[in-house]
file start.txt (compact mmCIF, C-alpha atoms and all ligand atoms)
# COMPACT_ATOMS: atom_id res chain seq x y z
CA LYS O 973 -25.63 -15.44 9.21
CA SER O 974 -23.13 -13.39 7.21
CA LEU O 975 -23.31 -10.61 9.79
CA ASP O 976 -22.63 -13.18 12.52
CA ARG O 977 -19.66 -14.38 10.56
CA ILE O 978 -18.45 -10.79 10.16
CA ASP O 979 -18.80 -10.30 13.93
CA LYS O 980 -16.69 -13.36 14.46
CA VAL O 981 -13.80 -12.85 12.03
CA GLU O 982 -13.74 -9.23 10.94
CA GLU O 983 -11.61 -8.13 13.86
CA ASN O 984 -8.79 -10.24 12.43
CA ILE O 985 -9.43 -9.86 8.69
CA LYS O 986 -10.34 -6.16 8.51
CA ALA O 987 -11.90 -6.35 5.06
CA PHE O 988 -14.62 -3.73 5.62
CA ILE O 989 -14.33 0.04 5.83
CA THR O 990 -18.08 0.41 6.43
CA ILE O 991 -20.54 -2.26 7.55
CA THR O 992 -24.13 -1.43 6.60
CA ARG O 993 -25.75 -3.61 9.24
CA GLU O 994 -29.05 -1.75 9.60
CA ASP O 995 -29.53 -1.23 5.89
CA ALA O 996 -28.80 -4.92 5.35
CA PHE O 997 -31.50 -5.97 7.83
CA LYS O 998 -33.96 -3.53 6.29
CA LYS O 999 -33.26 -4.79 2.79
CA ALA O 1000 -33.48 -8.39 3.98
CA SER O 1001 -36.97 -7.87 5.39
CA GLU O 1002 -38.05 -6.08 2.19
CA VAL O 1003 -36.76 -9.00 0.16
CA ASP O 1004 -38.49 -11.40 2.51
CA ALA O 1005 -41.77 -9.60 1.96
CA LYS O 1006 -41.27 -9.76 -1.80
CA ILE O 1007 -40.67 -13.49 -1.66
CA LYS O 1008 -43.79 -13.96 0.48
CA ALA O 1009 -45.79 -11.86 -1.97
CA GLY O 1010 -44.71 -14.29 -4.68
CA GLU O 1011 -42.78 -11.70 -6.67
CA ALA O 1012 -40.38 -13.03 -9.30
CA ILE O 1013 -37.08 -13.82 -7.65
CA SER O 1014 -33.63 -13.98 -9.21
CA PRO O 1015 -30.68 -16.26 -8.38
CA LEU O 1016 -29.15 -13.42 -6.32
CA THR O 1017 -32.26 -12.79 -4.23
CA GLY O 1018 -31.29 -12.44 -0.57
CA ILE O 1019 -27.61 -13.12 -1.26
CA PRO O 1020 -25.27 -11.12 1.02
CA MET O 1021 -22.60 -9.24 -0.88
CA ALA O 1022 -20.18 -6.34 -0.51
CA LEU O 1023 -18.63 -3.71 -2.77
CA LYS O 1024 -15.17 -2.21 -3.11
CA ASP O 1025 -15.26 1.24 -1.56
CA ASN O 1026 -14.73 3.01 -4.90
CA MET O 1027 -18.29 2.23 -6.04
CA CYS O 1028 -20.80 4.94 -5.23
CA THR O 1029 -23.67 3.87 -2.99
CA ASP O 1030 -26.45 6.43 -2.51
CA GLY O 1031 -26.48 7.56 1.14
CA ILE O 1032 -23.63 5.22 2.12
CA ARG O 1033 -20.10 6.56 2.67
CA THR O 1034 -17.75 5.89 -0.26
CA THR O 1035 -14.14 6.65 0.67
CA CYS O 1036 -11.80 5.05 -1.90
CA ALA O 1037 -9.82 4.29 1.29
CA SER O 1038 -8.57 7.88 1.19
CA LYS O 1039 -8.53 10.71 3.70
CA MET O 1040 -9.62 12.83 0.77
CA LEU O 1041 -13.06 11.16 0.73
CA HIS O 1042 -13.25 10.05 4.38
CA ASN O 1043 -16.61 11.81 4.78
CA PHE O 1044 -17.99 11.55 1.24
CA VAL O 1045 -21.56 10.28 1.01
CA PRO O 1046 -22.59 10.07 -2.64
CA PRO O 1047 -26.05 11.29 -3.65
CA PHE O 1048 -26.33 8.58 -6.33
CA SER O 1049 -25.42 4.95 -6.95
CA ALA O 1050 -23.11 3.21 -9.38
CA THR O 1051 -25.00 1.28 -12.06
CA VAL O 1052 -23.56 -2.02 -10.78
CA TYR O 1053 -25.01 -1.37 -7.32
CA GLU O 1054 -28.40 -0.45 -8.79
CA LYS O 1055 -28.39 -3.64 -10.83
CA LEU O 1056 -27.55 -5.79 -7.81
CA ASN O 1057 -30.22 -4.01 -5.80
CA LYS O 1058 -32.76 -4.83 -8.47
CA GLU O 1059 -31.74 -8.48 -8.26
CA ASN O 1060 -32.42 -8.25 -4.50
CA ALA O 1061 -28.86 -8.96 -3.41
CA ILE O 1062 -28.15 -7.55 0.06
CA LEU O 1063 -25.31 -5.10 0.65
CA LEU O 1064 -23.32 -5.83 3.80
CA GLY O 1065 -20.85 -3.01 3.42
CA LYS O 1066 -17.96 -1.36 1.64
CA LEU O 1067 -14.57 -2.98 1.32
CA ASN O 1068 -11.03 -1.87 1.94
CA MET O 1069 -8.67 -1.17 -0.93
CA ASP O 1070 -5.46 0.62 -1.84
CA GLU O 1071 -6.19 4.33 -1.90
CA PHE O 1072 -7.94 5.19 -5.18
CA ALA O 1073 -7.10 1.62 -6.36
CA MET O 1074 -3.38 2.36 -6.67
CA GLY O 1075 -1.34 -0.45 -5.21
CA SER O 1076 -0.95 -4.20 -4.95
CA THR O 1077 -1.23 -5.05 -1.25
CA THR O 1078 -4.11 -2.94 0.23
CA GLU O 1079 -1.44 -1.42 2.49
CA ASN O 1080 -1.97 1.92 0.73
CA SER O 1081 -5.37 2.25 2.43
CA ALA O 1082 -5.40 5.43 4.51
CA PHE O 1083 -7.29 3.56 7.25
CA PHE O 1084 -5.80 0.11 7.92
CA SER O 1085 -4.40 -2.97 6.18
CA THR O 1086 -6.52 -6.00 5.37
CA LYS O 1087 -5.15 -9.44 6.26
CA ASN O 1088 -5.01 -12.50 4.05
CA PRO O 1089 -7.47 -15.05 5.53
CA TRP O 1090 -5.07 -17.89 4.63
CA ASP O 1091 -2.31 -16.40 6.76
CA LEU O 1092 -3.06 -13.32 8.82
CA SER O 1093 0.56 -12.19 8.62
CA CYS O 1094 0.32 -11.92 4.81
CA VAL O 1095 -1.14 -9.35 2.41
CA PRO O 1096 -4.42 -10.13 0.64
CA GLY O 1097 -3.10 -8.51 -2.55
CA GLY O 1098 -4.56 -5.37 -4.04
CA SER O 1099 -5.90 -3.04 -4.85
CA SER O 1100 -9.20 -4.91 -4.23
CA GLY O 1101 -7.75 -6.72 -1.18
CA GLY O 1102 -10.87 -6.21 0.96
CA SER O 1103 -13.08 -7.67 -1.80
CA ALA O 1104 -10.92 -10.80 -2.04
CA ALA O 1105 -10.50 -11.27 1.70
CA ALA O 1106 -14.23 -10.83 2.46
CA VAL O 1107 -15.13 -13.67 0.08
CA ALA O 1108 -12.22 -15.90 1.13
CA ALA O 1109 -13.18 -15.47 4.82
CA ASP O 1110 -16.88 -16.22 4.12
CA GLU O 1111 -17.95 -12.75 5.22
CA ALA O 1112 -19.79 -12.17 1.93
CA PHE O 1113 -21.03 -14.64 -0.68
CA PHE O 1114 -19.60 -12.49 -3.43
CA SER O 1115 -18.09 -9.06 -3.88
CA LEU O 1116 -17.24 -6.63 -6.63
CA GLY O 1117 -13.87 -5.08 -7.26
CA SER O 1118 -12.22 -3.01 -9.96
CA ASP O 1119 -9.26 -4.02 -12.10
CA THR O 1120 -7.05 -1.46 -13.85
CA GLY O 1121 -3.87 -3.53 -14.07
CA GLY O 1122 -4.68 -6.65 -12.09
CA SER O 1123 -6.56 -5.45 -9.02
CA ILE O 1124 -9.20 -8.17 -9.20
CA ARG O 1125 -7.11 -11.08 -10.44
CA GLN O 1126 -4.04 -10.59 -8.23
CA PRO O 1127 -5.92 -10.43 -4.88
CA ALA O 1128 -8.20 -13.28 -6.05
CA SER O 1129 -5.09 -15.35 -6.66
CA PHE O 1130 -3.51 -14.39 -3.29
CA CYS O 1131 -6.73 -15.25 -1.41
CA GLY O 1132 -7.67 -18.42 -3.30
CA VAL O 1133 -10.96 -17.21 -4.83
CA VAL O 1134 -12.26 -16.76 -8.38
CA GLY O 1135 -11.74 -13.25 -9.81
CA LEU O 1136 -13.13 -12.16 -13.16
CA LYS O 1137 -12.09 -9.01 -15.01
CA PRO O 1138 -14.60 -8.67 -17.83
CA THR O 1139 -13.99 -7.15 -21.26
CA TYR O 1140 -13.61 -3.36 -21.23
CA GLY O 1141 -17.12 -2.06 -21.81
CA ALA O 1142 -19.02 -5.16 -20.67
CA VAL O 1143 -19.80 -3.82 -17.19
CA SER O 1144 -20.76 -0.20 -16.57
CA ARG O 1145 -18.22 2.06 -14.89
CA TYR O 1146 -20.85 4.70 -14.11
CA GLY O 1147 -20.50 5.72 -10.47
CA VAL O 1148 -17.18 3.94 -9.99
CA VAL O 1149 -14.49 6.43 -8.98
CA ALA O 1150 -12.07 6.54 -11.91
CA PHE O 1151 -8.38 5.70 -11.65
CA ALA O 1152 -7.37 5.22 -15.32
CA SER O 1153 -10.55 5.38 -17.36
CA SER O 1154 -9.36 3.47 -20.44
CA LEU O 1155 -8.17 0.54 -18.28
CA ASP O 1156 -10.62 0.41 -15.34
CA GLN O 1157 -13.11 -2.43 -15.33
CA VAL O 1158 -15.53 -3.68 -12.67
CA GLY O 1159 -15.64 -7.42 -12.00
CA THR O 1160 -16.46 -10.19 -9.58
CA PHE O 1161 -14.98 -12.11 -6.66
CA THR O 1162 -16.70 -15.42 -5.96
CA LYS O 1163 -16.05 -18.77 -4.34
CA ASP O 1164 -16.56 -20.68 -7.58
CA VAL O 1165 -17.04 -20.30 -11.32
CA THR O 1166 -20.82 -20.85 -11.22
CA ASP O 1167 -21.26 -17.86 -8.93
CA SER O 1168 -19.07 -15.80 -11.19
CA ALA O 1169 -21.40 -16.55 -14.12
CA LEU O 1170 -24.46 -15.69 -12.01
CA VAL O 1171 -23.04 -12.36 -10.85
CA MET O 1172 -21.88 -11.52 -14.40
CA ASN O 1173 -25.45 -12.10 -15.58
CA ALA O 1174 -26.57 -9.47 -13.09
CA ILE O 1175 -23.95 -6.78 -13.66
CA SER O 1176 -23.06 -6.95 -17.38
CA GLY O 1177 -24.94 -5.08 -20.08
CA TYR O 1178 -25.22 -1.79 -21.90
CA ASP O 1179 -25.55 1.38 -19.84
CA LYS O 1180 -26.22 4.66 -21.56
CA LYS O 1181 -24.67 6.50 -18.60
CA ASP O 1182 -21.23 5.05 -19.48
CA SER O 1183 -20.02 6.27 -22.88
CA THR O 1184 -17.66 3.29 -23.23
CA SER O 1185 -20.33 0.72 -22.44
CA ALA O 1186 -20.80 -1.80 -25.27
CA ASN O 1187 -24.26 -1.90 -26.80
CA ILE O 1188 -24.33 -5.57 -27.78
CA GLU O 1189 -26.27 -8.71 -26.90
CA TYR O 1190 -24.97 -10.23 -23.65
CA PRO O 1191 -25.24 -14.00 -23.25
CA ASP O 1192 -26.56 -15.97 -20.31
CA TYR O 1193 -23.18 -16.79 -18.79
CA THR O 1194 -24.49 -19.85 -16.99
CA SER O 1195 -25.04 -21.51 -20.39
CA PHE O 1196 -21.25 -21.91 -20.60
CA LEU O 1197 -20.99 -23.95 -17.41
CA GLN O 1198 -20.28 -27.21 -19.19
CA ASN O 1199 -17.62 -29.75 -18.36
CA ASP O 1200 -16.24 -29.83 -21.85
CA VAL O 1201 -13.01 -28.58 -23.36
CA LYS O 1202 -12.63 -31.25 -26.01
CA GLY O 1203 -11.02 -29.81 -29.14
CA MET O 1204 -10.54 -26.36 -27.59
CA LYS O 1205 -7.25 -24.71 -28.49
CA ILE O 1206 -5.39 -23.23 -25.56
CA GLY O 1207 -2.27 -21.11 -26.04
CA ILE O 1208 0.58 -20.89 -23.56
CA PRO O 1209 2.26 -17.53 -24.20
CA LYS O 1210 5.94 -18.23 -23.62
CA GLU O 1211 6.70 -14.68 -22.45
CA TYR O 1212 4.63 -15.32 -19.29
CA TYR O 1213 6.87 -18.14 -18.12
CA GLY O 1214 10.47 -18.43 -17.03
CA GLU O 1215 12.46 -15.59 -15.52
CA GLY O 1216 10.74 -13.88 -12.60
CA ILE O 1217 8.04 -16.53 -12.15
CA ALA O 1218 8.44 -18.66 -9.01
CA PRO O 1219 9.23 -22.28 -10.03
CA GLU O 1220 6.55 -23.70 -7.70
CA ILE O 1221 3.92 -21.59 -9.48
CA GLU O 1222 5.06 -22.89 -12.86
CA ALA O 1223 4.81 -26.43 -11.53
CA ASN O 1224 1.13 -25.86 -10.60
CA ILE O 1225 0.36 -24.40 -14.01
CA LYS O 1226 1.94 -27.43 -15.65
CA GLU O 1227 -0.50 -29.58 -13.68
CA ALA O 1228 -3.39 -27.58 -15.10
CA ILE O 1229 -2.04 -27.96 -18.63
CA LYS O 1230 -1.79 -31.73 -18.12
CA LYS O 1231 -5.39 -31.85 -16.89
CA LEU O 1232 -6.65 -29.87 -19.87
CA GLU O 1233 -4.79 -32.15 -22.29
CA GLU O 1234 -6.25 -35.21 -20.61
CA LEU O 1235 -9.70 -33.71 -21.12
CA GLY O 1236 -9.07 -33.35 -24.83
CA ALA O 1237 -7.96 -29.73 -25.18
CA ILE O 1238 -5.15 -28.91 -27.58
CA VAL O 1239 -2.49 -27.00 -25.66
CA GLU O 1240 0.33 -25.28 -27.55
CA GLU O 1241 3.06 -22.76 -26.87
CA CYS O 1242 2.48 -19.38 -28.51
CA SER O 1243 4.01 -15.93 -28.43
CA LEU O 1244 2.85 -12.42 -27.52
CA PRO O 1245 6.05 -10.68 -28.61
CA HIS O 1246 5.39 -7.21 -27.19
CA THR O 1247 4.74 -8.44 -23.62
CA GLU O 1248 7.99 -6.98 -22.26
CA TYR O 1249 6.77 -3.46 -23.12
CA ALA O 1250 3.48 -3.78 -21.24
CA LEU O 1251 4.81 -2.71 -17.86
CA PRO O 1252 6.43 0.57 -18.98
CA THR O 1253 3.46 1.28 -21.26
CA TYR O 1254 0.99 0.79 -18.40
CA HIS O 1255 3.07 3.04 -16.14
CA ILE O 1256 2.80 5.89 -18.64
CA ILE O 1257 -0.87 5.49 -19.56
CA ALA O 1258 -2.29 4.71 -16.10
CA PRO O 1259 -0.60 7.66 -14.32
CA ALA O 1260 -1.41 9.99 -17.23
CA GLU O 1261 -5.13 9.20 -16.95
CA CYS O 1262 -4.91 9.18 -13.16
CA SER O 1263 -3.36 12.66 -13.05
CA SER O 1264 -6.30 13.98 -15.03
CA ASN O 1265 -8.97 12.06 -13.08
CA MET O 1266 -7.53 13.08 -9.71
CA ALA O 1267 -7.70 16.80 -10.55
CA ARG O 1268 -11.29 16.89 -9.25
CA PHE O 1269 -10.15 16.32 -5.66
CA ASP O 1270 -9.35 19.92 -4.89
CA GLY O 1271 -11.14 20.61 -1.61
CA VAL O 1272 -13.95 22.47 -3.39
CA ARG O 1273 -16.33 19.79 -4.52
CA TYR O 1274 -16.11 16.77 -2.27
CA GLY O 1275 -14.56 15.40 0.84
CA LEU O 1276 -11.66 16.91 2.68
CA ARG O 1277 -10.95 20.65 2.74
CA VAL O 1278 -7.98 22.06 4.59
CA GLU O 1279 -8.70 25.74 5.22
CA ALA O 1280 -6.02 28.22 4.10
CA ASP O 1281 -5.66 31.94 3.47
CA ASN O 1282 -6.17 31.76 -0.26
CA LEU O 1283 -7.55 29.40 -2.88
CA VAL O 1284 -4.24 28.08 -4.23
CA ASP O 1285 -2.97 27.28 -0.74
CA MET O 1286 -6.27 25.57 0.02
CA PHE O 1287 -5.85 23.35 -3.09
CA CYS O 1288 -2.25 22.52 -2.15
CA GLU O 1289 -2.84 21.86 1.54
CA THR O 1290 -5.93 19.73 0.84
CA ARG O 1291 -4.11 17.53 -1.67
CA LYS O 1292 -0.99 17.36 0.51
CA GLU O 1293 -3.03 16.20 3.49
CA GLY O 1294 -5.65 14.14 1.66
CA LEU O 1295 -3.61 11.92 -0.66
CA CYS O 1296 -1.02 9.23 0.10
CA ASP O 1297 2.49 9.11 -1.36
CA GLU O 1298 1.64 6.50 -3.98
CA VAL O 1299 -1.25 8.54 -5.36
CA LYS O 1300 0.97 11.64 -5.41
CA ARG O 1301 3.68 9.70 -7.24
CA ARG O 1302 1.21 8.67 -9.95
CA ILE O 1303 -0.11 12.22 -10.31
CA MET O 1304 3.42 13.56 -10.73
CA LEU O 1305 4.47 10.88 -13.21
CA GLY O 1306 1.28 11.35 -15.21
CA THR O 1307 1.49 15.13 -15.25
CA TYR O 1308 5.06 14.83 -16.48
CA ALA O 1309 4.12 12.33 -19.22
CA LEU O 1310 1.36 14.65 -20.44
CA SER O 1311 3.36 17.89 -20.28
CA ALA O 1312 4.15 19.71 -23.52
CA GLY O 1313 7.81 18.65 -23.64
CA SER O 1314 7.24 14.95 -23.06
CA TYR O 1315 3.81 14.18 -24.49
CA ASP O 1316 5.14 12.88 -27.84
CA ALA O 1317 8.11 11.04 -26.35
CA TYR O 1318 6.12 9.26 -23.61
CA TYR O 1319 2.34 9.38 -23.82
CA LEU O 1320 1.96 9.17 -27.59
CA LYS O 1321 4.65 6.49 -27.81
CA ALA O 1322 2.89 4.50 -25.09
CA LEU O 1323 -0.39 4.65 -27.02
CA LYS O 1324 1.37 3.23 -30.09
CA VAL O 1325 2.95 0.41 -28.11
CA ARG O 1326 -0.47 -0.28 -26.56
CA ALA O 1327 -1.84 -0.84 -30.07
CA LEU O 1328 0.95 -3.37 -30.75
CA ILE O 1329 0.19 -5.20 -27.50
CA LYS O 1330 -3.46 -5.39 -28.46
CA GLN O 1331 -2.51 -6.73 -31.90
CA ASP O 1332 -0.53 -9.53 -30.25
CA PHE O 1333 -3.74 -10.66 -28.54
CA ASP O 1334 -5.85 -10.25 -31.72
CA LYS O 1335 -3.42 -12.49 -33.59
CA ALA O 1336 -3.33 -15.09 -30.82
CA PHE O 1337 -7.14 -15.30 -30.76
CA GLU O 1338 -7.25 -16.02 -34.50
CA LYS O 1339 -5.81 -19.36 -33.48
CA TYR O 1340 -6.65 -20.00 -29.82
CA ASP O 1341 -9.87 -20.11 -27.80
CA CYS O 1342 -8.05 -18.86 -24.75
CA LEU O 1343 -4.61 -18.35 -23.26
CA LEU O 1344 -3.33 -19.73 -19.98
CA THR O 1345 -0.74 -18.07 -17.73
CA PRO O 1346 0.08 -17.66 -14.05
CA THR O 1347 -1.93 -14.80 -12.49
CA THR O 1348 1.02 -13.57 -10.47
CA PRO O 1349 4.76 -14.28 -10.48
CA ASN O 1350 4.63 -15.31 -6.81
CA VAL O 1351 2.24 -16.16 -4.00
CA SER O 1352 1.20 -13.78 -1.20
CA PHE O 1353 3.93 -12.36 1.04
CA LYS O 1354 4.26 -10.79 4.49
CA LEU O 1355 2.49 -7.59 5.45
CA GLY O 1356 4.94 -4.76 5.97
CA SER O 1357 7.47 -6.15 3.47
CA ASN O 1358 7.98 -2.53 2.38
CA MET O 1359 8.86 -3.35 -1.19
CA ASP O 1360 9.99 -0.42 -3.31
CA ALA O 1361 7.56 0.90 -5.93
CA LEU O 1362 9.27 -0.78 -8.87
CA SER O 1363 9.29 -4.24 -7.27
CA LEU O 1364 5.58 -3.82 -6.52
CA TYR O 1365 4.85 -2.74 -10.09
CA LYS O 1366 6.62 -5.86 -11.35
CA LEU O 1367 4.07 -8.04 -9.53
CA ASP O 1368 1.57 -7.04 -12.22
CA VAL O 1369 3.56 -8.37 -15.21
CA CYS O 1370 1.05 -11.10 -16.01
CA THR O 1371 -2.10 -9.04 -15.45
CA MET O 1372 -1.62 -5.53 -16.85
CA PRO O 1373 -1.12 -6.43 -20.54
CA ILE O 1374 -4.71 -7.68 -20.46
CA ASN O 1375 -6.07 -4.27 -19.39
CA LEU O 1376 -4.03 -2.57 -22.13
CA ALA O 1377 -5.69 -4.91 -24.65
CA GLY O 1378 -9.15 -4.56 -23.06
CA VAL O 1379 -9.81 -8.30 -23.18
CA PRO O 1380 -11.37 -10.40 -20.39
CA ALA O 1381 -9.38 -12.57 -17.98
CA LEU O 1382 -10.19 -14.72 -15.03
CA SER O 1383 -8.10 -16.00 -12.14
CA ILE O 1384 -9.00 -19.31 -10.54
CA PRO O 1385 -7.33 -20.95 -7.58
CA PHE O 1386 -5.24 -23.93 -8.62
CA GLY O 1387 -3.42 -25.64 -5.77
CA LEU O 1388 -1.02 -24.25 -3.23
CA ALA O 1389 2.64 -23.31 -3.15
CA ASN O 1390 4.31 -22.85 0.27
CA ASN O 1391 0.83 -23.35 1.76
CA ARG O 1392 -0.52 -20.29 -0.01
CA PRO O 1393 -3.00 -20.25 -2.90
CA VAL O 1394 -1.78 -20.14 -6.50
CA GLY O 1395 -3.84 -18.41 -9.20
CA LEU O 1396 -4.12 -19.51 -12.77
CA GLN O 1397 -5.10 -16.89 -15.33
CA LEU O 1398 -7.25 -17.58 -18.39
CA ILE O 1399 -7.36 -14.83 -21.00
CA GLY O 1400 -10.06 -14.61 -23.68
CA GLN O 1401 -11.12 -12.71 -26.73
CA ALA O 1402 -13.13 -9.50 -26.26
CA PHE O 1403 -16.62 -10.45 -25.00
CA GLY O 1404 -15.48 -14.08 -24.76
CA GLU O 1405 -16.11 -14.37 -21.00
CA GLY O 1406 -18.29 -17.41 -21.68
CA LYS O 1407 -15.42 -19.51 -22.99
CA LEU O 1408 -13.24 -18.53 -20.04
CA LEU O 1409 -15.96 -19.63 -17.65
CA GLN O 1410 -16.29 -22.89 -19.53
CA VAL O 1411 -12.58 -23.73 -19.30
CA ALA O 1412 -12.43 -22.58 -15.66
CA TYR O 1413 -15.51 -24.67 -14.80
CA THR O 1414 -13.80 -27.72 -16.25
CA LEU O 1415 -10.65 -27.12 -14.21
CA GLU O 1416 -12.51 -26.58 -10.93
N1 LIG D 1501 -1.23 -2.78 -8.96
C1 LIG D 1501 -1.56 -1.99 -10.10
C2 LIG D 1501 -1.33 -0.54 -9.81
O1 LIG D 1501 -0.93 -0.23 -8.74
C3 LIG D 1501 -2.96 -2.24 -10.55
C4 LIG D 1501 -3.98 -1.51 -9.77
C5 LIG D 1501 -5.39 -1.76 -10.24
O2 LIG D 1501 -5.65 -2.65 -11.04
N2 LIG D 1501 -6.29 -0.92 -9.78
O3 LIG D 1501 -1.53 0.29 -10.64
call {"tool": "encode", "arguments": {"input": "start.txt", "output": "structure tokens", "more": "lines below"}}
Ligand code: GLN
result
Amino acid sequence: KSLDRIDKVEENIKAFITITREDAFKKASEVDAKIKAGEAISPLTGIPMALKDNMCTDGIRTTCASKMLHNFVPPFSATVYEKLNKENAILLGKLNMDEFAMGSTTENSAFFSTKNPWDLSCVPGGSSGGSAAAVAADEAFFSLGSDTGGSIRQPASFCGVVGLKPTYGAVSRYGVVAFASSLDQVGTFTKDVTDSALVMNAISGYDKKDSTSANIEYPDYTSFLQNDVKGMKIGIPKEYYGEGIAPEIEANIKEAIKKLEELGAIVEECSLPHTEYALPTYHIIAPAECSSNMARFDGVRYGLRVEADNLVDMFCETRKEGLCDEVKRRIMLGTYALSAGSYDAYYLKALKVRALIKQDFDKAFEKYDCLLTPTTPNVSFKLGSNMDALSLYKLDVCTMPINLAGVPALSIPFGLANNRPVGLQLIGQAFGEGKLLQVAYTLE
């Protein structure tokens, strides 16, 4: 049925880079046989799903939407894919994204742009735009994406689906092509909060192959699906409202606040004073880590190689040809921030400010169960708007502080503005995904 749906709408949506039709049928008949044999089945058994194309899938092309990896077929799988395979979910294919997850509209894909299913002339958001669009257009029941500064929550909000960025360390990054390793996190796109809990149950947990994976007890996330927020304390960080946020988005959020109060939650204004420094801090740390991670794409090991007379020219020509302007910009900025003359002034300073941003959240969570903000300052906009880099970076104001702090956050659709979906962001304490799901479930 999902493949039929893909046949019907994919031509317009363009969410998939690769469709694994035959593998999906093969897996489906295997799963069928298992069910008939009476083997234990899980809630994800037989459920059609798709993965962002930066997650390695053994034997299936994994491109990161880049010319650099256009022909790369990994010989191993990301832990998240292995886990979903074990749960008998069925992979339909690999989803479009901004090249190497750098961008906010999926227009940085080297192959094609994905369309927003709500309005085909609009962007689906990014960088996990394919993951959001595939779920919004009913092509897959759920999908996975990665979020370094908002790349799950922002496209979820633009496409009117639920997007969860878990706590740093709660989901393995093994086999996920790194952008900025201290910020990257894998998470879920689903139609509703219940599905988000079910998929989290499948993908979270300790993985010895990821050195930053947290070795703790993980809860059954479905146990938090209760319609109850009575007595919960919800903070409204004032820095996330006002200037730069579209008034119609604020109006929707006010509705949500009213609803929570009616249900017995205590909602109060609070402050995260270092918020204004999050954007510049992110744009030092993310490019710095990116410049180091991207060094491996040199024409020797994987993917594209442009032949040249000598090794250095081969490196240069391969990277010139294989990477898009945005990726090159990040590599240059990051290399600069890490160079001997500017390391202390930029990179080290950014790490210190990052600690202050994290402290803001620690302090807030001494008092509040969760925080509520808009996911994005505005709703989706037209494809081909050609915004300059800085204006695009500013779209992440509400999402990137959360990655710097490493805490979990979830975007749920909450009404429309100008006929396009509005996302509401709930932010929680580290490993407090359960509470976020509970509040989101109540608002649904
Ligand atoms: N839009 C942000 C960026 O371009 C975030 C990307 C992401 O989360 N992968 O860096």
call {"tool": "closest_residue", "arguments": {"input": "start.txt", "among": "O:Glu1261, O:Glu1054, O:Asp1192, O:Glu1416", "to": "O:Asp1164", "atoms": "only C-alpha atoms"}}
result
O:Glu1416
call {"tool": "axis_aligned_box", "arguments": {"input": "start.txt", "around": "ligand LIG 1501 (chain D)", "padding_each_side": "8 Å", "output": "AutoDock Vina command-line options"}}
result
--center_x -3.6 --center_y -1.2 --center_z -9.9 --size_x 21.4 --size_y 19.1 --size_z 18.3
call {"tool": "closest_atom_pairs", "arguments": {"input": "start.txt", "of": "stretch 982-1085 of chain O", "to": "stretch 973-976 of chain O", "cutoff": "10 Å", "atoms": "all atoms listed in the file", "output": "CSV"}}
result
residue,atom,partner,partner_atom,distance
O:Glu982,CA,O:Leu975,CA,9.7
O:Ile991,CA,O:Leu975,CA,9.1
O:Thr992,CA,O:Leu975,CA,9.8
O:Arg993,CA,O:Leu975,CA,7.4
O:Ala996,CA,O:Leu975,CA,9.1
O:Phe997,CA,O:Leu975,CA,9.6
O:Ile1019,CA,O:Ser974,CA,9.6
O:Pro1020,CA,O:Ser974,CA,6.9
O:Met1021,CA,O:Ser974,CA,9.1
O:Leu1064,CA,O:Leu975,CA,7.7
call {"tool": "write_last_selection", "arguments": {"input": "start.txt", "atoms": "C-alpha atoms", "output": "mmCIF file, keeping the file's coordinate frame"}}
result
data_model
loop_
_atom_site.group_PDB
_atom_site.id
_atom_site.type_symbol
_atom_site.label_atom_id
_atom_site.label_comp_id
_atom_site.auth_asym_id
_atom_site.auth_seq_id
_atom_site.Cartn_x
_atom_site.Cartn_y
_atom_site.Cartn_z
ATOM 1 C CA GLU O 982 -13.740 -9.230 10.940
ATOM 2 C CA ILE O 991 -20.540 -2.260 7.550
ATOM 3 C CA THR O 992 -24.130 -1.430 6.600
ATOM 4 C CA ARG O 993 -25.750 -3.610 9.240
ATOM 5 C CA ALA O 996 -28.800 -4.920 5.350
ATOM 6 C CA PHE O 997 -31.500 -5.970 7.830
ATOM 7 C CA ILE O 1019 -27.610 -13.120 -1.260
ATOM 8 C CA PRO O 1020 -25.270 -11.120 1.020
ATOM 9 C CA MET O 1021 -22.600 -9.240 -0.880
ATOM 10 C CA LEU O 1064 -23.320 -5.830 3.800
#
call {"tool": "atom_distance", "arguments": {"input": "start.txt", "atom1": "atom CA of O:Tyr1212", "atom2": "atom CA of O:Ala1237"}}
result
20.0 Å
call {"tool": "closest_residue", "arguments": {"input": "start.txt", "among": "O:Gly1378, O:Pro1127, O:Gly1098, O:Gly1306", "to": "O:Gly1141", "atoms": "only C-alpha atoms"}}
result
O:Gly1378
call {"tool": "residues_near_ligand", "arguments": {"input": "start.txt", "ligand": "ligand LIG 1501 (chain D)", "cutoff": "7 Å", "atoms": "all atoms listed in the file", "output": "PyMOL selection string"}}
result
chain O and resi 1073-1076+1098-1099+1118-1124+1365+1368
call {"tool": "residues_around", "arguments": {"input": "start.txt", "residues": "stretch 1295-1303 of chain O", "least_positions_apart": "4", "cutoff": "9 Å", "atoms": "all atoms listed in the file", "output": "PyMOL selection string"}}
result
chain O and resi 1038-1040+1071-1072+1074-1075+1080-1082+1255+1258-1264+1266-1267+1290-1291+1307-1308+1361
call {"tool": "closest_residue", "arguments": {"input": "start.txt", "among": "O:Gly1102, O:Gly1294, O:Pro1245, O:Pro1380", "to": "O:Ile1329", "atoms": "all atoms listed in the file"}}
result
O:Pro1245
call {"tool": "closest_residue", "arguments": {"input": "start.txt", "among": "O:Arg1145, O:Asp1025, O:Thr1086, O:Lys1210", "to": "O:Glu1248", "atoms": "all atoms listed in the file"}}
result
O:Lys1210
